[in-house]
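> Data: target07.txt, compact mmCIF, C-alpha atoms.
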```txt
# COMPACT_ATOMS: atom_id res chain seq x y z
CA MET H 292 -2.92 -92.43 -45.22
CA PRO H 293 -3.22 -93.78 -48.82
CA GLU H 294 -1.91 -97.19 -49.88
CA VAL H 295 1.27 -95.63 -51.33
CA ASP H 296 2.45 -92.45 -49.64
CA PHE H 297 3.83 -89.44 -51.52
CA THR H 298 6.86 -88.66 -49.36
CA LYS H 299 8.95 -85.55 -48.82
CA GLU H 300 11.79 -87.18 -50.75
CA MET H 301 9.47 -87.75 -53.71
CA LYS H 302 8.58 -84.07 -53.81
CA LYS H 303 12.16 -83.21 -54.80
CA GLU H 304 12.52 -85.56 -57.76
CA TYR H 305 9.12 -86.92 -58.83
CA SER H 306 6.93 -85.67 -61.69
CA ILE H 307 3.23 -85.44 -60.81
CA LEU H 308 1.23 -86.35 -63.92
CA ALA H 309 -2.16 -84.66 -64.34
CA PRO H 310 -4.77 -85.11 -67.10
CA ASP H 311 -5.48 -82.06 -69.23
CA ILE H 312 -8.92 -80.95 -68.02
CA PHE H 313 -9.19 -77.18 -68.52
CA PRO H 314 -6.46 -76.22 -71.04
CA THR H 315 -6.30 -72.45 -70.30
CA HIS H 316 -6.64 -72.85 -66.53
CA MET H 317 -4.21 -75.77 -66.30
CA GLU H 318 -1.42 -73.60 -67.67
CA LEU H 319 -1.78 -71.33 -64.64
CA LEU H 320 -2.31 -74.19 -62.17
CA SER H 321 0.79 -76.09 -63.32
CA GLU H 322 2.91 -72.98 -62.71
CA LEU H 323 1.27 -72.60 -59.31
CA PHE H 324 2.24 -76.14 -58.27
CA ARG H 325 5.82 -75.52 -59.38
CA MET H 326 6.00 -72.48 -57.11
CA TYR H 327 5.38 -74.78 -54.15
CA GLY H 328 8.05 -77.26 -55.24
CA TYR H 329 5.86 -79.78 -57.08
CA ASN H 330 6.73 -80.67 -60.67
CA LEU H 331 3.18 -80.91 -62.05
CA VAL H 332 3.12 -82.05 -65.68
CA VAL H 333 -0.13 -81.54 -67.61
CA LEU H 334 -0.37 -84.41 -70.09
CA LYS H 335 -1.17 -83.56 -73.72
CA TYR H 336 -1.36 -87.08 -75.16
CA GLU H 337 -4.33 -87.67 -77.46
CA GLY H 338 -5.49 -90.17 -80.05
CA LYS H 339 -6.50 -93.81 -80.36
CA LYS H 340 -3.39 -95.08 -78.55
CA VAL H 341 -4.44 -93.23 -75.39
CA ILE H 342 -8.07 -94.40 -75.63
CA ASP H 343 -6.89 -97.98 -76.16
CA THR H 344 -4.71 -97.72 -73.04
CA GLY H 345 -7.70 -96.51 -71.02
CA LEU H 346 -9.91 -99.31 -72.35
CA LYS H 347 -7.21 -101.90 -71.69
CA TYR H 348 -6.93 -101.17 -67.98
CA LEU H 349 -10.44 -99.88 -67.16
CA HIS H 350 -13.79 -101.61 -67.49
CA ASN H 351 -15.29 -100.70 -70.86
CA ASP H 352 -18.53 -99.71 -69.14
CA MET H 353 -16.77 -96.84 -67.38
CA CYS H 354 -17.63 -93.31 -68.45
CA TYR H 355 -15.76 -91.78 -71.36
CA PRO H 356 -14.11 -89.00 -69.26
CA ALA H 357 -12.55 -91.74 -67.09
CA ILE H 358 -11.22 -93.61 -70.13
CA CYS H 359 -9.72 -90.35 -71.49
CA SER H 360 -8.22 -88.84 -68.33
CA VAL H 361 -7.03 -92.07 -66.72
CA GLY H 362 -5.91 -93.28 -70.16
CA GLN H 363 -3.66 -90.22 -70.49
CA GLN H 364 -1.98 -90.99 -67.18
CA LEU H 365 -1.52 -94.71 -67.80
CA TYR H 366 -0.23 -94.06 -71.31
CA ALA H 367 2.34 -91.61 -69.88
CA LEU H 368 3.66 -94.39 -67.63
CA THR H 369 3.96 -96.89 -70.49
CA CYS H 370 5.06 -94.83 -73.50
CA GLY H 371 8.67 -94.35 -72.36
CA ASP H 372 8.55 -90.57 -71.84
CA PHE H 373 8.60 -90.92 -68.04
CA ASP H 374 10.25 -93.23 -65.53
CA PRO H 375 7.34 -94.85 -63.62
CA HIS H 376 9.61 -95.10 -60.56
CA LYS H 377 9.89 -91.30 -60.54
CA CYS H 378 6.22 -90.43 -61.14
CA ALA H 379 3.05 -89.86 -59.15
CA LEU H 380 -0.46 -89.41 -60.52
CA ILE H 381 -3.00 -86.79 -59.42
CA GLN H 382 -6.76 -86.59 -59.85
CA PHE H 383 -9.05 -83.63 -59.11
CA GLN H 384 -12.47 -84.79 -57.88
CA THR H 385 -15.73 -83.10 -56.90
CA GLY H 386 -17.15 -85.98 -54.87
CA GLY H 387 -20.87 -86.74 -54.81
CA GLY H 388 -22.71 -89.26 -56.98
CA CYS H 389 -20.54 -88.86 -60.09
CA ARG H 390 -18.39 -91.79 -61.22
CA ALA H 391 -15.45 -89.39 -61.03
CA SER H 392 -15.53 -90.04 -57.28
CA ASN H 393 -14.15 -93.51 -58.10
CA TYR H 394 -11.32 -92.46 -60.42
CA ILE H 395 -8.75 -92.79 -57.63
CA TRP H 396 -9.70 -96.42 -56.99
CA LEU H 397 -9.82 -97.13 -60.72
CA LEU H 398 -6.29 -95.79 -61.06
CA ARG H 399 -4.97 -97.83 -58.16
CA LYS H 400 -6.60 -101.01 -59.45
CA ALA H 401 -5.20 -100.39 -62.95
CA LEU H 402 -1.71 -99.75 -61.55
CA LYS H 403 -1.87 -103.01 -59.61
CA ASN H 404 -2.86 -104.90 -62.76
CA MET H 405 0.07 -103.24 -64.59
CA GLY H 406 2.53 -104.23 -61.88
CA MET H 407 3.02 -100.55 -60.99
CA GLU H 408 1.27 -100.42 -57.62
CA TYR H 409 4.33 -98.56 -56.31
CA VAL H 410 3.20 -95.38 -58.17
CA PRO H 411 1.59 -92.91 -55.68
CA VAL H 412 -1.88 -91.57 -56.52
CA ILE H 413 -2.76 -88.16 -55.08
CA SER H 414 -6.40 -87.19 -54.58
CA ILE H 415 -7.65 -83.61 -54.40
CA SER H 416 -11.35 -83.67 -53.61
CA PHE H 417 -14.19 -81.54 -52.22
CA ALA H 418 -15.12 -84.57 -50.12
CA GLY H 419 -11.87 -84.47 -48.16
CA LEU H 420 -8.16 -84.96 -48.76
CA GLU H 421 -6.17 -88.07 -48.13
CA LYS H 422 -3.09 -87.30 -46.07
CA TYR H 423 0.38 -87.51 -47.60
CA SER H 424 3.64 -86.90 -45.77
CA GLY H 425 5.15 -85.01 -48.72
CA PHE H 426 2.12 -83.33 -50.30
CA LYS H 427 0.47 -80.51 -48.39
CA ILE H 428 -2.14 -78.04 -49.59
CA LYS H 429 -1.51 -74.72 -47.85
CA LEU H 430 -4.10 -71.97 -47.44
CA SER H 431 -2.02 -69.64 -49.64
CA MET H 432 -1.99 -72.32 -52.34
CA ILE H 433 -5.79 -72.62 -52.23
CA LEU H 434 -6.09 -68.83 -52.51
CA LYS H 435 -3.78 -68.72 -55.53
CA ALA H 436 -5.59 -71.67 -57.13
CA ALA H 437 -8.90 -69.83 -56.74
CA MET H 438 -7.36 -66.73 -58.33
CA ALA H 439 -5.95 -68.87 -61.15
CA LEU H 440 -9.48 -70.15 -61.75
CA VAL H 441 -10.87 -66.61 -62.03
CA TYR H 442 -8.06 -65.37 -64.26
CA GLY H 443 -8.39 -68.51 -66.41
CA ASP H 444 -12.11 -67.85 -66.88
CA MET H 445 -11.39 -64.25 -67.92
CA LEU H 446 -8.76 -65.31 -70.46
CA LEU H 447 -11.02 -68.05 -71.85
CA LEU H 448 -14.00 -65.72 -72.16
CA LEU H 449 -12.10 -62.97 -73.98
CA LYS H 450 -10.00 -65.31 -76.14
CA ASN H 451 -13.13 -66.91 -77.57
CA GLN H 452 -14.74 -63.54 -78.32
CA THR H 453 -11.63 -61.99 -79.88
CA ALA H 454 -9.81 -64.68 -81.88
CA PRO H 455 -12.51 -65.12 -84.57
CA TYR H 456 -12.31 -61.42 -85.49
CA GLU H 457 -8.60 -60.61 -85.13
CA VAL H 458 -7.00 -58.85 -88.10
CA ASN H 459 -3.48 -60.10 -87.36
CA ALA H 460 -3.43 -63.84 -86.82
CA GLY H 461 -1.94 -64.79 -83.46
CA ASP H 462 -2.60 -61.50 -81.64
CA THR H 463 -5.10 -63.12 -79.28
CA ARG H 464 -2.77 -66.00 -78.42
CA ARG H 465 0.05 -63.54 -77.71
CA VAL H 466 -2.14 -61.67 -75.21
CA VAL H 467 -3.12 -64.95 -73.50
CA ASP H 468 0.56 -66.00 -73.25
CA LYS H 469 1.53 -62.56 -71.97
CA TRP H 470 -0.98 -62.75 -69.12
CA ILE H 471 -0.18 -66.34 -68.16
CA LYS H 472 3.46 -65.25 -67.79
CA GLU H 473 2.52 -62.03 -65.97
CA LEU H 474 0.14 -63.73 -63.55
CA THR H 475 2.55 -66.55 -62.68
CA GLU H 476 5.25 -63.95 -61.98
CA GLN H 477 2.84 -62.13 -59.68
CA PHE H 478 1.97 -65.38 -57.88
CA ARG H 479 5.67 -66.10 -57.30
CA LYS H 480 5.94 -62.76 -55.54
CA ASN H 481 2.63 -63.29 -53.67
CA LYS H 482 1.05 -60.51 -55.70
CA GLY H 483 -2.23 -60.37 -57.62
CA LEU H 484 -4.10 -61.90 -54.68
CA THR H 485 -5.77 -58.92 -52.99
CA ILE H 486 -9.14 -57.56 -54.07
CA LYS H 487 -7.47 -54.38 -55.30
CA SER H 488 -4.90 -56.21 -57.42
CA LEU H 489 -7.53 -58.65 -58.70
CA LYS H 490 -9.66 -55.77 -59.95
CA ARG H 491 -6.61 -54.09 -61.48
CA ASN H 492 -5.52 -57.26 -63.29
CA LEU H 493 -9.00 -58.05 -64.60
CA SER H 494 -9.37 -54.51 -65.95
CA ALA H 495 -5.92 -54.65 -67.57
CA ILE H 496 -6.72 -58.02 -69.18
CA ALA H 497 -9.98 -56.66 -70.60
CA GLU H 498 -8.18 -53.58 -71.94
CA ASP H 499 -5.49 -55.68 -73.65
CA PHE H 500 -8.09 -57.77 -75.46
CA HIS H 501 -10.03 -54.61 -76.35
CA ASN H 502 -6.88 -53.20 -77.97
CA ILE H 503 -6.50 -56.18 -80.32
CA LYS H 504 -7.29 -55.00 -83.83
CA ARG H 505 -10.49 -56.71 -85.01
CA GLU H 506 -12.86 -56.50 -87.93
CA LYS H 507 -16.54 -57.28 -87.77
CA ARG H 508 -17.47 -60.44 -89.66
CA ASP H 509 -20.75 -62.32 -89.80
CA LYS H 510 -20.26 -65.59 -87.97
CA ILE H 511 -22.55 -68.25 -86.60
CA LYS H 512 -22.54 -68.04 -82.80
CA VAL H 513 -22.30 -71.37 -81.02
CA GLY H 514 -22.60 -72.13 -77.30
CA ILE H 515 -21.06 -75.24 -75.74
CA VAL H 516 -22.56 -76.94 -72.67
CA GLY H 517 -22.45 -80.46 -71.29
CA GLU H 518 -20.44 -82.70 -68.98
CA ILE H 519 -17.55 -80.73 -67.52
CA TYR H 520 -14.68 -82.83 -68.94
CA VAL H 521 -15.81 -83.16 -72.56
CA LYS H 522 -17.02 -79.57 -72.54
CA TYR H 523 -13.52 -78.17 -71.94
CA SER H 524 -11.00 -80.88 -72.84
CA SER H 525 -9.96 -80.94 -76.51
CA PHE H 526 -9.07 -84.62 -76.09
CA GLY H 527 -12.48 -85.43 -74.64
CA ASN H 528 -14.41 -83.56 -77.35
CA ASN H 529 -12.23 -84.57 -80.34
CA GLY H 530 -10.89 -81.06 -80.90
CA LEU H 531 -14.34 -79.43 -80.95
CA GLU H 532 -13.03 -75.86 -80.68
CA LYS H 533 -10.49 -76.36 -83.49
CA PHE H 534 -13.22 -77.82 -85.68
CA LEU H 535 -15.52 -74.84 -85.00
CA ASP H 536 -12.64 -72.53 -85.97
CA THR H 537 -12.59 -74.19 -89.40
CA GLN H 538 -16.35 -73.65 -89.76
CA ASP H 539 -16.13 -69.86 -89.40
CA CYS H 540 -17.88 -69.76 -86.02
CA GLU H 541 -17.62 -67.82 -82.81
CA TYR H 542 -18.14 -70.11 -79.84
CA MET H 543 -18.76 -69.47 -76.16
CA LEU H 544 -17.92 -71.75 -73.22
CA PRO H 545 -19.35 -70.81 -69.80
CA GLY H 546 -16.63 -70.31 -67.18
CA VAL H 547 -15.37 -72.98 -64.78
CA LEU H 548 -16.21 -70.69 -61.84
CA GLY H 549 -19.91 -71.35 -62.55
CA PHE H 550 -19.44 -75.07 -61.89
CA PHE H 551 -17.89 -74.33 -58.49
CA GLN H 552 -20.72 -71.91 -57.67
CA TYR H 553 -23.15 -74.68 -58.61
CA CYS H 554 -21.40 -77.10 -56.23
CA PHE H 555 -21.46 -74.56 -53.39
CA SER H 556 -25.12 -73.74 -54.02
CA ASN H 557 -26.05 -77.42 -53.89
CA MET H 558 -24.89 -77.60 -50.26
CA GLU H 559 -27.83 -75.41 -49.28
CA THR H 560 -30.17 -77.37 -51.56
CA ASP H 561 -29.11 -80.60 -49.82
CA TYR H 562 -29.91 -79.09 -46.45
CA ASN H 563 -33.29 -77.71 -47.56
CA TYR H 564 -34.37 -80.98 -49.19
CA TYR H 565 -32.79 -83.63 -46.99
CA GLY H 566 -31.60 -81.95 -43.77
CA GLY H 567 -28.06 -82.48 -42.55
CA SER H 568 -25.37 -80.25 -41.14
CA LYS H 569 -26.01 -76.54 -40.65
CA LEU H 570 -22.25 -76.06 -40.67
CA VAL H 571 -21.95 -77.52 -44.19
CA ARG H 572 -24.83 -75.35 -45.37
CA ALA H 573 -23.19 -72.24 -43.88
CA ALA H 574 -19.85 -73.12 -45.48
CA GLY H 575 -21.54 -73.54 -48.86
CA LYS H 576 -23.35 -70.22 -48.56
CA LEU H 577 -20.14 -68.43 -47.59
CA ALA H 578 -18.18 -69.98 -50.46
CA GLU H 579 -20.95 -69.13 -52.93
CA LYS H 580 -21.05 -65.56 -51.63
CA ILE H 581 -17.29 -65.14 -52.11
CA ALA H 582 -17.45 -66.66 -55.61
CA CYS H 583 -20.33 -64.34 -56.57
CA ARG H 584 -18.32 -61.34 -55.33
CA VAL H 585 -15.38 -62.34 -57.54
CA GLU H 586 -17.77 -62.88 -60.45
CA LYS H 587 -19.01 -59.32 -59.88
CA TYR H 588 -15.46 -57.98 -60.28
CA MET H 589 -15.15 -59.83 -63.61
CA ARG H 590 -18.40 -58.33 -64.83
CA GLU H 591 -17.35 -54.83 -63.76
CA ALA H 592 -14.05 -55.16 -65.66
CA LEU H 593 -15.94 -56.06 -68.85
CA LEU H 594 -18.75 -53.49 -68.69
CA PRO H 595 -16.73 -50.58 -70.22
CA TYR H 596 -16.23 -52.59 -73.43
CA LYS H 597 -19.49 -52.95 -75.31
CA GLU H 598 -18.02 -55.43 -77.82
CA PHE H 599 -17.71 -58.12 -75.15
CA VAL H 600 -20.56 -60.30 -73.91
CA VAL H 601 -20.73 -60.11 -70.11
CA PRO H 602 -21.69 -63.36 -68.31
CA ALA H 603 -24.95 -63.34 -66.38
CA PRO H 604 -24.72 -63.27 -62.56
CA PHE H 605 -24.98 -66.70 -60.98
CA GLU H 606 -28.04 -65.62 -58.98
CA GLU H 607 -29.78 -64.86 -62.27
CA LYS H 608 -28.97 -68.36 -63.56
CA LYS H 609 -30.47 -69.87 -60.40
CA ARG H 610 -33.69 -67.91 -60.90
CA SER H 611 -34.03 -68.48 -64.64
CA VAL H 612 -33.56 -72.26 -64.54
CA THR H 613 -36.55 -72.85 -62.24
CA LYS H 614 -38.89 -72.39 -65.24
CA VAL H 615 -37.22 -75.45 -66.79
CA ILE H 616 -36.22 -77.81 -63.98
CA ASP H 617 -36.11 -77.99 -60.18
CA ARG H 618 -32.79 -77.17 -58.52
CA GLY H 619 -32.99 -80.46 -56.65
CA VAL H 620 -31.81 -82.11 -59.90
CA LYS H 621 -28.13 -81.80 -59.13
CA MET H 622 -26.34 -85.04 -60.04
CA GLY H 623 -23.55 -84.44 -62.52
CA GLU H 624 -24.10 -81.06 -64.17
CA GLY H 625 -27.79 -81.25 -63.23
CA TRP H 626 -29.68 -77.97 -63.37
CA LEU H 627 -26.51 -76.05 -64.30
CA LEU H 628 -26.71 -77.44 -67.85
CA PRO H 629 -30.10 -75.86 -68.77
CA ALA H 630 -29.13 -72.72 -66.81
CA GLU H 631 -26.08 -72.30 -69.08
CA VAL H 632 -28.21 -72.95 -72.18
CA ILE H 633 -30.57 -70.16 -71.13
CA GLU H 634 -27.69 -67.75 -70.52
CA LEU H 635 -26.08 -68.55 -73.88
CA VAL H 636 -29.32 -68.23 -75.87
CA GLU H 637 -30.19 -64.93 -74.19
CA ASN H 638 -26.68 -63.65 -75.06
CA GLY H 639 -27.15 -64.48 -78.75
CA TYR H 640 -25.48 -67.92 -78.84
CA SER H 641 -28.65 -69.71 -79.90
CA ASN H 642 -26.90 -72.68 -81.57
CA ILE H 643 -26.09 -75.01 -78.71
CA ILE H 644 -23.84 -78.07 -78.73
CA CYS H 645 -24.58 -80.28 -75.73
CA ALA H 646 -21.48 -82.47 -75.28
CA GLN H 647 -22.54 -85.77 -73.71
CA PRO H 648 -20.07 -88.57 -72.91
CA PHE H 649 -20.85 -92.25 -72.76
CA GLY H 650 -21.60 -93.43 -69.24
CA CYS H 651 -22.63 -90.05 -67.80
CA LEU H 652 -26.25 -90.96 -67.10
CA PRO H 653 -27.28 -87.74 -65.27
CA ASN H 654 -25.92 -85.64 -68.13
CA HIS H 655 -27.83 -87.62 -70.76
CA ILE H 656 -31.08 -87.53 -68.78
CA VAL H 657 -30.91 -83.79 -68.08
CA GLY H 658 -29.24 -82.79 -71.36
CA LYS H 659 -31.77 -84.53 -73.59
CA GLY H 660 -34.68 -84.24 -71.17
CA VAL H 661 -34.78 -80.42 -71.06
CA ILE H 662 -34.51 -79.78 -74.82
CA ARG H 663 -38.26 -79.76 -75.47
CA ARG H 664 -38.97 -77.32 -72.63
CA LEU H 665 -36.09 -75.05 -73.66
CA ARG H 666 -37.36 -74.94 -77.24
CA GLU H 667 -40.81 -74.02 -75.97
CA LEU H 668 -39.34 -71.10 -74.03
CA TYR H 669 -36.78 -70.15 -76.70
CA PRO H 670 -38.06 -71.06 -80.19
CA GLN H 671 -34.84 -69.68 -81.70
CA ALA H 672 -32.73 -72.24 -79.80
CA ASN H 673 -31.03 -74.73 -82.12
CA ILE H 674 -29.91 -77.44 -79.65
CA PHE H 675 -27.94 -80.49 -80.80
CA PRO H 676 -26.74 -83.21 -78.38
CA ILE H 677 -23.42 -84.72 -79.51
CA ASP H 678 -22.38 -88.08 -78.04
CA TYR H 679 -18.73 -88.74 -77.23
CA ASP H 680 -17.44 -92.23 -76.50
CA ALA H 681 -14.54 -94.53 -77.30
CA GLY H 682 -16.32 -96.08 -80.28
CA ALA H 683 -17.83 -92.88 -81.71
CA SER H 684 -16.74 -91.69 -85.13
CA LYS H 685 -15.24 -88.22 -85.23
CA VAL H 686 -16.63 -87.84 -88.76
CA ASN H 687 -20.16 -88.56 -87.54
CA GLN H 688 -19.79 -86.04 -84.72
CA GLU H 689 -18.54 -83.36 -87.10
CA ASN H 690 -21.30 -84.14 -89.60
CA ARG H 691 -23.93 -83.59 -86.89
CA ILE H 692 -22.32 -80.27 -86.02
CA LYS H 693 -22.27 -79.31 -89.72
CA LEU H 694 -25.99 -80.11 -89.87
CA MET H 695 -26.60 -77.81 -86.91
CA LEU H 696 -24.58 -75.03 -88.56
CA SER H 697 -26.42 -75.46 -91.87
CA VAL H 698 -29.74 -75.05 -90.03
CA ALA H 699 -28.32 -71.91 -88.38
CA ARG H 700 -27.19 -70.45 -91.71
CA GLU H 701 -30.60 -71.09 -93.25
CA GLU H 702 -32.18 -69.21 -90.36
CA VAL H 703 -29.85 -66.25 -90.91
CA GLU H 704 -30.58 -66.19 -94.67
CA HIS H 705 -34.32 -66.46 -94.00
CA LYS H 706 -34.22 -63.47 -91.65
```
Spit out the file's structure as structure tokens when you get a sec.

Amino acid sequence: MPEVDFTKEMKKEYSILAPDIFPTHMELLSELFRMYGYNLVVLKYEGKKVIDTGLKYLHNDMCYPAICSVGQQLYALTCGDFDPHKCALIQFQTGGGCRASNYIWLLRKALKNMGMEYVPVISISFAGLEKYSGFKIKLSMILKAAMALVYGDMLLLLKNQTAPYEVNAGDTRRVVDKWIKELTEQFRKNKGLTIKSLKRNLSAIAEDFHNIKREKRDKIKVGIVGEIYVKYSSFGNNGLEKFLDTQDCEYMLPGVLGFFQYCFSNMETDYNYYGGSKLVRAAGKLAEKIACRVEKYMREALLPYKEFVVPAPFEEKKRSVTKVIDRGVKMGEGWLLPAEVIELVENGYSNIICAQPFGCLPNHIVGKGVIRRLRELYPQANIFPIDYDAGASKVNQENRIKLMLSVAREEVEHK
């Protein structure tokens, strides 16, 4: 049992405050929590005031994702928008050697220093759940969350490939909103969860994006890799996607499902390298197999539409990355980072932004360490690491990206 329990009474009247990690996916997940009686609020606070709150209550040597995500939650408790006596905080964790495994304890220590130790902190982690009398994760909820992850990846993939070319501004956003509403309605009725309905929904989503009126324009294609929080969170990456929109680019973010496949795959790697439990290895292999099957359904839904780039199978990523780095390098994003670079470059997104936050040592070592080898294998790769931290200048970050884009445009003109 945690230090402060989340009780059944709290479930009825408390708001559960979550940091905004994956914007598209979190829209679906927040609706999913509401279906089970939890008022999950995804926090949208950004700016210096939030960073300053994170720095005030966390050690300034903590990683930048911690300062951002925990800062959002602590700011929500102090800005006056919420009653701290009617709030709980939630953190999603992967476990392992990442500092994110300590976010729960950072939050509790910060709350104690703020005189708010009465605020419950809920942990959802691969490494095991704490037990709460009023917060239960049911099997049906896990199934719907997994489906929300897949649907979120599909919407993210097609949104990024369609929006830069739409003739009527806002058409892409309207399709995204339509499907978020449609999918949440299906979840409420326990629909959209079978293999048959999953295939049907994925095909219908692909068809809707295909039907958006587009015109072909020459745009610089940019791929985004890096640490999982700053890669997806607009707060963590200083509005990277919005900035790329202003630079007349098409950008591609690999799906969140790939990160989960990476985590599942690493269970077998752990066993092969270090021994351990055969049961854990078997569970990882089964989970990876299921995830790869779902990935196959996504690919099949996209294949009829030649205008869309279809993600590479995860098994192909595992094979291709061995020419760059060993799969035993698995702290943080580890070998997944160069695997995603390879996939993006081979799909035509040869201008790569590697988003690297302060304090994420594995990401910096792998992200910067593999660049030379990747350029040897892919001479067309234009890879730029961009550092994100509390003291970094947004102008400097954008100027580095502009430099990358100017190099890309020169290459296009030269060809």
> Which residues of region 377-484 of chain H have any atom within 9 Å of an atom in region 322-343 of chain H when counting only C-alpha atoms, and what is the closest pair of atoms for each, with the distance in Å to one decimal? Order the rows by chain and rising number and write it as JSON lines.

```
{"residue": "H:Ile381", "atom": "CA", "partner": "H:Leu331", "partner_atom": "CA", "distance": 8.9}
{"residue": "H:Phe426", "atom": "CA", "partner": "H:Tyr329", "partner_atom": "CA", "distance": 8.5}
{"residue": "H:Met432", "atom": "CA", "partner": "H:Leu323", "partner_atom": "CA", "distance": 7.7}
{"residue": "H:Lys435", "atom": "CA", "partner": "H:Leu323", "partner_atom": "CA", "distance": 7.4}
{"residue": "H:Ala436", "atom": "CA", "partner": "H:Leu323", "partner_atom": "CA", "distance": 7.3}
{"residue": "H:Ala439", "atom": "CA", "partner": "H:Leu323", "partner_atom": "CA", "distance": 8.3}
{"residue": "H:Thr475", "atom": "CA", "partner": "H:Glu322", "partner_atom": "CA", "distance": 6.4}
{"residue": "H:Phe478", "atom": "CA", "partner": "H:Leu323", "partner_atom": "CA", "distance": 7.4}
{"residue": "H:Arg479", "atom": "CA", "partner": "H:Met326", "partner_atom": "CA", "distance": 6.4}
```
> Taking all atoms listed in the file into account, name the residue in H:Pro545, H:Gly567, H:Gly443, H:Gly527 that is nearest to Ile496 (chain H).
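Comparing H:Pro545, H:Gly567, H:Gly443, H:Gly527 against Ile496 (chain H), the winner is H:Gly443.
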> Per residue of region 575-661 of chain H within 12 Å of region 530-535 of chain H, what are the shortest atom pair and its distance in Å to one decimal, counting only C-alpha atoms, with rows by chain and residue number, as CSV?

```
residue,atom,partner,partner_atom,distance
H:Ile644,CA,H:Leu531,CA,9.9
H:Cys645,CA,H:Leu531,CA,11.5
H:Ala646,CA,H:Leu531,CA,9.6
```
> Report, as lines of an AutoDock Vina configuration file, the axis-aligned box around all atoms of region 307-317 of chain H present in the file, extended by 6 Å on each side; give centre and edge lengths in Å to one decimal place.

```
center_x = -3.0
center_y = -79.4
center_z = -65.9
size_x = 24.4
size_y = 25.9
size_z = 22.2
```
> Here is a test: counting all atoms listed in the file, which residue of H:Met558, H:Met301, H:Ile674, H:Val361 is nearest to Ala699 (chain H)?
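Ranked by minimum distance to Ala699 (chain H), first place goes to H:Ile674.
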> Taking (-6.4, -55.6, -66.5) as a centre in this file's frame and 12 Å as the limit, can you find every polymer residue with an atom that close, using only C-alpha atoms, and give them as a PyMOL selection string?
chain H and resi 442+445-446+449+466+469-470+473-474+483+487-502+588-589+591-593
> Rank nothing, just name the residue among H:Glu318, H:Asp678, H:Asp311, H:Asp536 nearest to Val467 (chain H), using only C-alpha atoms.
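Of the candidates, the smallest distance to Val467 (chain H) is held by H:Glu318.
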> Would you mind listing what lies within 10 Å of Leu349 (chain H) as a ChimeraX atom specification, with all atoms listed in the file counted and same-chain residues fewer than 6 positions away left out?
/H:343,357-358,361-362,397-398,400-401
> CA of Ile677 (chain H) to CA of Gln647 (chain H): how many Å, to one decimal?
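Distance between the two atoms: 6.0 Å.
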> Enter the distance from CA of Lys347 (chain H) to CA of Gly650 (chain H), in Å, rounded to one decimal.
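So the answer is 16.9 Å.
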> Between CA of Phe555 (chain H) and CA of Ile519 (chain H), measure the distance and give it in Å to one decimal.
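Taking CA of Phe555 (chain H) and CA of Ile519 (chain H), their separation equals 15.9 Å.
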> Using all atoms listed in the file, can you tell me which of H:Ser431, H:Ser306, H:Asn654, H:Asn687 comes closest to Glu518 (chain H)?
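Among the listed residues, the smallest separation from Glu518 (chain H) belongs to H:Asn654.
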> Have a look at H:Ile581, H:Pro629, H:Leu434, H:Tyr305 and name the one nearest to Lys482 (chain H); count only C-alpha atoms.
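Using only C-alpha atoms, Lys482 (chain H) sits closest to H:Leu434.
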> Taking N, CA and C atoms as the atom set, what does region 639-648 of chain H look like once completed, written as a PDB file, keeping the file's coordinate frame?

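The file below, result.pdb, is the result:
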```
ATOM      1  N   GLY H 639     -27.291 -64.420 -77.291  1.00  0.00           N
ATOM      2  CA  GLY H 639     -27.150 -64.480 -78.750  1.00  0.00           C
ATOM      3  C   GLY H 639     -26.499 -65.738 -79.278  1.00  0.00           C
ATOM      4  N   TYR H 640     -26.085 -66.653 -78.398  1.00  0.00           N
ATOM      5  CA  TYR H 640     -25.480 -67.920 -78.840  1.00  0.00           C
ATOM      6  C   TYR H 640     -26.586 -68.979 -78.862  1.00  0.00           C
ATOM      7  N   SER H 641     -27.438 -68.888 -79.877  1.00  0.00           N
ATOM      8  CA  SER H 641     -28.650 -69.710 -79.900  1.00  0.00           C
ATOM      9  C   SER H 641     -28.413 -71.103 -80.487  1.00  0.00           C
ATOM     10  N   ASN H 642     -27.230 -71.345 -81.050  1.00  0.00           N
ATOM     11  CA  ASN H 642     -26.900 -72.680 -81.570  1.00  0.00           C
ATOM     12  C   ASN H 642     -26.075 -73.392 -80.509  1.00  0.00           C
ATOM     13  N   ILE H 643     -26.671 -74.400 -79.893  1.00  0.00           N
ATOM     14  CA  ILE H 643     -26.090 -75.010 -78.710  1.00  0.00           C
ATOM     15  C   ILE H 643     -25.639 -76.441 -78.996  1.00  0.00           C
ATOM     16  N   ILE H 644     -24.368 -76.699 -78.717  1.00  0.00           N
ATOM     17  CA  ILE H 644     -23.840 -78.070 -78.730  1.00  0.00           C
ATOM     18  C   ILE H 644     -23.839 -78.575 -77.291  1.00  0.00           C
ATOM     19  N   CYS H 645     -24.559 -79.674 -77.055  1.00  0.00           N
ATOM     20  CA  CYS H 645     -24.580 -80.280 -75.730  1.00  0.00           C
ATOM     21  C   CYS H 645     -23.690 -81.514 -75.779  1.00  0.00           C
ATOM     22  N   ALA H 646     -22.477 -81.402 -75.225  1.00  0.00           N
ATOM     23  CA  ALA H 646     -21.480 -82.470 -75.280  1.00  0.00           C
ATOM     24  C   ALA H 646     -21.789 -83.516 -74.206  1.00  0.00           C
ATOM     25  N   GLN H 647     -22.093 -84.743 -74.637  1.00  0.00           N
ATOM     26  CA  GLN H 647     -22.540 -85.770 -73.710  1.00  0.00           C
ATOM     27  C   GLN H 647     -21.693 -87.024 -73.847  1.00  0.00           C
ATOM     28  N   PRO H 648     -20.935 -87.387 -72.818  1.00  0.00           N
ATOM     29  CA  PRO H 648     -20.070 -88.570 -72.910  1.00  0.00           C
ATOM     30  C   PRO H 648     -20.803 -89.850 -72.540  1.00  0.00           C
TER      31      PRO H 648
END
```
